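S.K.: Got a structure for you, entry-v8.txt, holding compact mmCIF, C-alpha atoms.
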# COMPACT_ATOMS: atom_id res chain seq x y z
CA ASP A 1 -129.22 70.00 -165.95
CA GLY A 2 -131.91 71.94 -164.14
CA GLY A 3 -135.10 72.68 -165.98
CA ILE A 4 -138.73 72.01 -166.73
CA THR A 5 -139.72 68.70 -168.30
CA GLN A 6 -143.06 68.37 -170.05
CA SER A 7 -144.53 65.16 -171.41
CA PRO A 8 -145.79 64.01 -173.75
CA LYS A 9 -144.53 66.33 -176.49
CA TYR A 10 -147.45 65.40 -178.76
CA LEU A 11 -150.80 64.04 -177.69
CA PHE A 12 -153.96 63.13 -179.56
CA ARG A 13 -157.30 62.94 -177.86
CA LYS A 14 -160.69 61.79 -178.95
CA GLU A 15 -163.64 63.99 -178.10
CA GLY A 16 -165.04 63.18 -174.67
CA GLN A 17 -161.75 61.99 -173.22
CA ASN A 18 -159.79 63.53 -170.37
CA VAL A 19 -156.03 63.78 -170.84
CA THR A 20 -153.29 64.69 -168.37
CA LEU A 21 -150.15 66.64 -169.27
CA SER A 22 -147.14 66.15 -167.05
CA CYS A 23 -144.84 68.90 -165.81
CA GLU A 24 -141.80 68.29 -163.59
CA GLN A 25 -139.17 70.79 -162.44
CA ASN A 26 -135.86 70.36 -160.63
CA LEU A 27 -135.19 74.07 -160.13
CA ASN A 28 -136.53 74.08 -156.56
CA HIS A 29 -139.00 76.82 -157.48
CA ASP A 30 -142.13 77.33 -155.41
CA ALA A 31 -144.41 78.79 -158.08
CA MET A 32 -145.50 76.90 -161.17
CA TYR A 33 -147.77 77.83 -164.09
CA TRP A 34 -149.73 76.43 -167.00
CA TYR A 35 -150.28 78.50 -170.15
CA ARG A 36 -152.11 77.84 -173.34
CA GLN A 37 -150.75 79.26 -176.61
CA ASP A 38 -152.87 79.67 -179.73
CA PRO A 39 -151.67 81.29 -182.97
CA GLY A 40 -151.82 85.08 -182.77
CA GLN A 41 -153.07 85.12 -179.16
CA GLY A 42 -149.92 84.95 -177.11
CA LEU A 43 -149.88 83.10 -173.81
CA ARG A 44 -153.02 82.75 -171.73
CA LEU A 45 -152.84 81.67 -168.09
CA ILE A 46 -154.81 78.55 -167.18
CA TYR A 47 -153.75 77.84 -163.56
CA TYR A 48 -150.90 78.70 -161.28
CA SER A 49 -149.63 77.44 -157.96
CA GLN A 50 -147.58 79.49 -155.55
CA ILE A 51 -146.90 76.64 -153.15
CA VAL A 52 -147.57 72.94 -152.61
CA ASN A 53 -151.24 72.02 -152.03
CA ASP A 54 -152.44 75.41 -153.26
CA PHE A 55 -153.39 76.68 -156.71
CA GLN A 56 -155.41 79.48 -158.29
CA LYS A 57 -157.42 79.81 -161.48
CA GLY A 58 -155.99 81.91 -164.24
CA ASP A 59 -157.84 83.66 -167.03
CA ILE A 60 -159.07 80.56 -168.87
CA ALA A 61 -159.45 77.81 -166.22
CA GLU A 62 -162.79 76.43 -167.42
CA GLY A 63 -162.45 72.83 -168.61
CA TYR A 64 -159.08 72.32 -166.93
CA SER A 65 -157.97 70.98 -163.56
CA VAL A 66 -154.63 70.79 -161.74
CA SER A 67 -153.04 69.37 -158.61
CA ARG A 68 -149.92 70.29 -156.67
CA GLU A 69 -149.09 67.46 -154.31
CA LYS A 70 -145.33 67.81 -154.68
CA LYS A 71 -143.13 70.84 -155.16
CA GLU A 72 -141.59 69.32 -158.30
CA SER A 73 -144.81 68.37 -160.06
CA PHE A 74 -147.78 70.31 -161.46
CA PRO A 75 -149.89 68.13 -163.80
CA LEU A 76 -152.68 69.60 -165.92
CA THR A 77 -155.80 67.65 -166.86
CA VAL A 78 -157.72 68.75 -169.92
CA THR A 79 -161.25 67.55 -169.33
CA SER A 80 -164.01 66.75 -171.78
CA ALA A 81 -165.65 70.02 -170.67
CA GLN A 82 -162.97 72.02 -172.50
CA LYS A 83 -164.70 72.92 -175.76
CA ASN A 84 -161.66 73.74 -177.86
CA PRO A 85 -158.66 71.94 -176.37
CA THR A 86 -156.44 71.77 -179.46
CA ALA A 87 -153.49 74.01 -178.55
CA PHE A 88 -149.88 74.22 -177.46
CA TYR A 89 -149.57 73.93 -173.67
CA LEU A 90 -146.65 75.40 -171.77
CA CYS A 91 -145.61 74.76 -168.18
CA ALA A 92 -143.33 77.18 -166.34
CA SER A 93 -141.83 77.88 -162.95
CA MET A 94 -140.87 81.24 -161.47
CA GLY A 95 -137.33 82.14 -160.51
CA GLY A 96 -136.15 84.45 -157.78
CA LEU A 97 -136.38 87.60 -159.91
CA GLY A 98 -139.94 86.87 -161.02
CA GLU A 99 -138.86 85.52 -164.38
CA LEU A 100 -140.47 82.40 -165.84
CA PHE A 101 -138.62 79.32 -167.01
CA PHE A 102 -140.58 77.32 -169.55
CA GLY A 103 -140.69 73.72 -170.60
CA GLU A 104 -140.61 72.63 -174.23
CA GLY A 105 -144.38 72.43 -174.46
CA SER A 106 -147.00 69.78 -175.21
CA ARG A 107 -149.08 69.92 -178.36
CA LEU A 108 -152.57 68.51 -177.90
CA THR A 109 -154.74 67.70 -180.89
CA VAL A 110 -158.36 66.63 -180.63
CA LEU A 111 -159.39 64.16 -183.31
CA GLN B 1 -158.18 97.08 -174.44
CA LYS B 2 -155.51 94.48 -173.70
CA GLU B 3 -153.11 95.18 -170.85
CA VAL B 4 -150.13 94.61 -173.13
CA GLU B 5 -150.12 95.44 -176.83
CA GLN B 6 -147.29 94.21 -179.03
CA ASP B 7 -146.57 95.21 -182.62
CA PRO B 8 -148.03 92.24 -184.51
CA GLY B 9 -145.55 91.83 -187.35
CA PRO B 10 -144.45 89.68 -188.99
CA LEU B 11 -141.10 91.29 -189.67
CA SER B 12 -138.73 90.21 -192.44
CA VAL B 13 -135.28 91.79 -192.52
CA PRO B 14 -131.98 91.13 -194.34
CA GLU B 15 -129.07 89.69 -192.39
CA GLY B 16 -127.14 92.42 -190.61
CA ALA B 17 -130.12 94.75 -190.21
CA ILE B 18 -131.32 96.19 -186.90
CA VAL B 19 -134.56 94.65 -185.65
CA SER B 20 -136.84 96.83 -183.53
CA LEU B 21 -139.63 95.28 -181.49
CA ASN B 22 -142.13 97.25 -179.41
CA CYS B 23 -144.76 96.82 -176.71
CA THR B 24 -147.03 99.28 -174.96
CA TYR B 25 -148.91 98.70 -171.74
CA SER B 26 -151.70 100.31 -169.77
CA ASN B 27 -151.00 99.15 -166.19
CA SER B 28 -148.75 101.68 -164.49
CA ALA B 29 -148.13 99.18 -161.65
CA PHE B 30 -145.94 96.99 -163.88
CA GLN B 31 -142.43 97.04 -162.45
CA TYR B 32 -140.58 94.18 -164.14
CA PHE B 33 -140.14 93.80 -167.88
CA MET B 34 -138.93 90.84 -169.89
CA TRP B 35 -138.36 89.72 -173.44
CA TYR B 36 -138.62 86.08 -174.41
CA ARG B 37 -137.52 84.38 -177.62
CA GLN B 38 -139.49 81.40 -178.87
CA TYR B 39 -138.34 79.16 -181.68
CA SER B 40 -140.96 77.22 -183.61
CA ARG B 41 -142.50 74.36 -181.58
CA LYS B 42 -140.33 75.19 -178.55
CA GLY B 43 -140.92 76.84 -175.20
CA PRO B 44 -140.03 80.52 -174.73
CA GLU B 45 -136.60 81.33 -173.29
CA LEU B 46 -135.75 84.45 -171.34
CA LEU B 47 -133.70 86.90 -173.36
CA MET B 48 -133.70 90.12 -171.35
CA TYR B 49 -134.91 91.18 -167.90
CA THR B 50 -135.08 94.69 -166.55
CA TYR B 51 -136.88 96.57 -163.80
CA SER B 52 -135.92 100.18 -164.38
CA SER B 53 -136.37 102.79 -167.05
CA GLY B 54 -133.48 103.17 -169.45
CA ASN B 55 -131.42 100.84 -171.58
CA LYS B 56 -129.89 97.46 -170.83
CA GLU B 57 -127.44 95.83 -173.22
CA ASP B 58 -126.45 92.20 -173.57
CA GLY B 59 -124.31 91.50 -176.60
CA ARG B 60 -126.32 92.32 -179.72
CA PHE B 61 -129.51 92.86 -177.72
CA THR B 62 -130.69 96.10 -176.10
CA ALA B 63 -133.83 96.36 -173.98
CA GLN B 64 -135.31 99.80 -173.50
CA VAL B 65 -137.96 100.75 -170.96
CA ASP B 66 -139.81 104.07 -170.77
CA LYS B 67 -142.15 103.89 -167.78
CA SER B 68 -143.45 107.43 -168.28
CA SER B 69 -144.70 106.51 -171.75
CA LYS B 70 -145.54 102.89 -170.80
CA TYR B 71 -143.42 101.61 -173.65
CA ILE B 72 -140.74 98.94 -173.97
CA SER B 73 -138.55 98.00 -176.90
CA LEU B 74 -136.05 95.33 -177.88
CA PHE B 75 -133.37 96.04 -180.45
CA ILE B 76 -131.32 93.35 -182.16
CA ARG B 77 -128.17 94.61 -183.85
CA ASP B 78 -126.36 92.81 -186.67
CA SER B 79 -129.26 90.37 -186.98
CA GLN B 80 -128.49 86.76 -187.94
CA PRO B 81 -130.66 84.02 -189.48
CA SER B 82 -130.49 82.30 -186.08
CA ASP B 83 -132.44 85.26 -184.64
CA SER B 84 -135.48 84.17 -186.66
CA ALA B 85 -138.08 83.44 -183.99
CA THR B 86 -141.14 84.84 -182.25
CA TYR B 87 -140.37 87.46 -179.62
CA LEU B 88 -142.71 87.95 -176.67
CA CYS B 89 -142.71 90.87 -174.30
CA ALA B 90 -143.84 90.22 -170.71
CA MET B 91 -144.29 92.32 -167.64
CA LYS B 92 -145.45 92.00 -164.06
CA GLU B 93 -146.32 93.86 -160.91
CA ASN B 94 -144.79 92.74 -157.63
CA ASP B 95 -146.84 89.53 -157.62
CA TYR B 96 -147.02 86.12 -159.24
CA LYS B 97 -148.68 86.87 -162.57
CA LEU B 98 -147.02 87.90 -165.81
CA SER B 99 -148.87 89.59 -168.65
CA PHE B 100 -147.65 88.73 -172.15
CA GLY B 101 -147.84 90.43 -175.50
CA ALA B 102 -149.13 88.37 -178.43
CA GLY B 103 -145.67 88.05 -179.96
CA THR B 104 -143.89 89.30 -183.07
CA THR B 105 -142.49 86.81 -185.56
CA VAL B 106 -139.15 87.84 -187.04
CA THR B 107 -137.47 86.34 -190.09
CA VAL B 108 -133.87 87.26 -190.87
CA ARG B 109 -133.05 86.55 -194.52
CA ALA B 110 -129.55 85.31 -195.34
For this file, produce the structure as structure tokens.
M.R.:
Amino acid sequence: DGGITQSPKYLFRKEGQNVTLSCEQNLNHDAMYWYRQDPGQGLRLIYYSQIVNDFQKGDIAEGYSVSREKKESFPLTVTSAQKNPTAFYLCASMGGLGELFFGEGSRLTVL
Amino acid sequence: QKEVEQDPGPLSVPEGAIVSLNCTYSNSAFQYFMWYRQYSRKGPELLMYTYSSGNKEDGRFTAQVDKSSKYISLFIRDSQPSDSATYLCAMKENDYKLSFGAGTTVTVRA
């Protein structure tokens, strides 16, 4: 089945550590996105990529980094510079109508 | 002021009731409007998509867009316990970025 696969589903991080969240899609979509979701705040855009080897900062990019070396893959690294990284992270890709298809999410908890 | 404001909820309704969810927006350049449903600890899934003013029906769901008033709504008829979820409105211009509402959590009581 076509879709977005995020891993891991749950992740625990000690303060000062970098962690990388994986996102893979087999929908053949060009554009991919990373959002952060906190209770009561909706979805906030971290980074997006319209095409391979190109990406742009979203509204809350500080403390995060991404790469887009392959069309299918858009990993997100949460660095130690991110002051409040505990959140639910969602990866998405954009379909032909401009709609987003989301993965199941990764929940990161800082210990 | 946020670009997209969504009625915060939460909403609790009895089974069979009509659920009404609303969002207002300030950016008149928004052209495409979506509603997503998100179950607890899951990713959002697209429920309705529309790009014109008026109503669009899909089964028990009706999406309504009023561009002149910058207002969109989602109605759920004959609500079921399985409709209990958080509903997010989203909208976009003719580009790559969507703007989301904060979400409304709905509980349908059996």
S.K.: Please, which residues of chain A lie no more than 8 Å from chain B when the count uses only C-alpha atoms, and can they be set out as a tab-separated table (two decimals) with C-alpha atoms, in the frame of the given file?
M.R.:
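That gives us part-v7.tsv:
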chain	number	residue	atom	x	y	z
A	31	ALA	CA	-144.41	78.79	-158.08
A	40	GLY	CA	-151.82	85.08	-182.77
A	41	GLN	CA	-153.07	85.12	-179.16
A	42	GLY	CA	-149.92	84.95	-177.11
A	43	LEU	CA	-149.88	83.10	-173.81
A	50	GLN	CA	-147.58	79.49	-155.55
A	90	LEU	CA	-146.65	75.40	-171.77
A	98	GLY	CA	-139.94	86.87	-161.02
A	99	GLU	CA	-138.86	85.52	-164.38
A	100	LEU	CA	-140.47	82.40	-165.84
A	101	PHE	CA	-138.62	79.32	-167.01
A	102	PHE	CA	-140.58	77.32	-169.55
A	103	GLY	CA	-140.69	73.72	-170.60
A	104	GLU	CA	-140.61	72.63	-174.23
A	105	GLY	CA	-144.38	72.43	-174.46
S.K.: What's the separation between atom CA of Ser49 of chain A and atom CA of Glu15 of chain A, in Å to one decimal place?
M.R.: 28.0 Å
S.K.: Restricting the calculation to all atoms listed in the file: of A:Val66, A:Ala81, A:Leu111, A:Ala61, which residue gets closest to Thr20 of chain A?
M.R.: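 Closest to Thr20 of chain A of all the choices is A:Val66.
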S.K.: Between B:Lys2, B:Cys23, B:Ile18, B:Tyr39, which is the closest to Phe75 of chain B once you count only C-alpha atoms?
M.R.: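 Comparing B:Lys2, B:Cys23, B:Ile18, B:Tyr39 against Phe75 of chain B, the winner is B:Ile18.
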S.K.: Just how far from atom CA of Cys23 of chain A is atom CA of Thr86 of chain A, in Å to one decimal?
M.R.: 18.1 Å
S.K.: Taking only C-alpha atoms into account, which of B:Ser40, B:Ser20, B:Ser26, B:Ser52 comes nearest Glu5 of chain B?
M.R.: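 Ranked by minimum distance to Glu5 of chain B, first place goes to B:Ser26.
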S.K.: Take atom CA of Thr79 of chain A and atom CA of Met94 of chain A and report the distance between them in Å, one decimal.
M.R.: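 Computed distance, atom CA of Thr79 of chain A to atom CA of Met94 of chain A, equals 25.8 Å.
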S.K.: Which residues are near Gly16 of chain A? Cut-off 7 Å, all atoms listed in the file, ignore same chain within fewer than 2 positions. Put them as a list in words.
M.R.: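 The neighbour list is Lys14, Asn18 and Ser80 of chain A.
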S.K.: Which residue out of A:Lys83, A:Arg107, A:Lys71, A:Lys9 has the minimum interatomic distance to Asn28 of chain A when all atoms listed in the file are used?
M.R.: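 The closest residue to Asn28 of chain A is A:Lys71.
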S.K.: Name all residues at most 6 Å from segment 57-73 of chain B (count only C-alpha atoms; drop same-chain ones fewer than 6 positions away) and give them as a PDB file with C-alpha atoms, keeping the file's coordinate frame.
M.R.:
ATOM      1  CA  LEU B  21    -139.630  95.280-181.490  1.00  0.00           C
ATOM      2  CA  ASN B  22    -142.130  97.250-179.410  1.00  0.00           C
ATOM      3  CA  CYS B  23    -144.760  96.820-176.710  1.00  0.00           C
ATOM      4  CA  THR B  24    -147.030  99.280-174.960  1.00  0.00           C
ATOM      5  CA  TYR B  25    -148.910  98.700-171.740  1.00  0.00           C
TER       6      TYR B  25
END
S.K.: How would segment 72-83 of chain B look with N, CA and C atoms restored, written as a CSV table (one decimal), in the frame of the given file?
M.R.:
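Everything below was put into rebuild-v4.csv:
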chain,number,residue,atom,x,y,z
B,72,ILE,N,-142.0,99.6,-174.0
B,72,ILE,CA,-140.7,98.9,-174.0
B,72,ILE,C,-140.4,98.5,-175.4
B,73,SER,N,-139.1,98.4,-175.6
B,73,SER,CA,-138.6,98.0,-176.9
B,73,SER,C,-137.4,97.0,-176.7
B,74,LEU,N,-137.2,96.2,-177.8
B,74,LEU,CA,-136.0,95.3,-177.9
B,74,LEU,C,-135.4,95.6,-179.2
B,75,PHE,N,-134.1,95.8,-179.2
B,75,PHE,CA,-133.4,96.0,-180.4
B,75,PHE,C,-132.4,94.9,-180.6
B,76,ILE,N,-132.3,94.4,-181.8
B,76,ILE,CA,-131.3,93.4,-182.2
B,76,ILE,C,-130.4,93.9,-183.2
B,77,ARG,N,-129.1,94.1,-182.9
B,77,ARG,CA,-128.2,94.6,-183.8
B,77,ARG,C,-127.5,93.5,-184.6
B,78,ASP,N,-127.1,93.8,-185.8
B,78,ASP,CA,-126.4,92.8,-186.7
B,78,ASP,C,-127.1,91.5,-186.7
B,79,SER,N,-128.4,91.5,-187.1
B,79,SER,CA,-129.3,90.4,-187.0
B,79,SER,C,-128.7,89.2,-187.8
B,80,GLN,N,-128.9,88.0,-187.3
B,80,GLN,CA,-128.5,86.8,-187.9
B,80,GLN,C,-129.7,85.9,-188.3
B,81,PRO,N,-129.5,85.0,-189.2
B,81,PRO,CA,-130.7,84.0,-189.5
B,81,PRO,C,-131.1,83.3,-188.2
B,82,SER,N,-130.1,83.0,-187.3
B,82,SER,CA,-130.5,82.3,-186.1
B,82,SER,C,-131.4,83.1,-185.1
B,83,ASP,N,-131.5,84.4,-185.4
B,83,ASP,CA,-132.4,85.3,-184.6
B,83,ASP,C,-133.9,85.1,-185.1
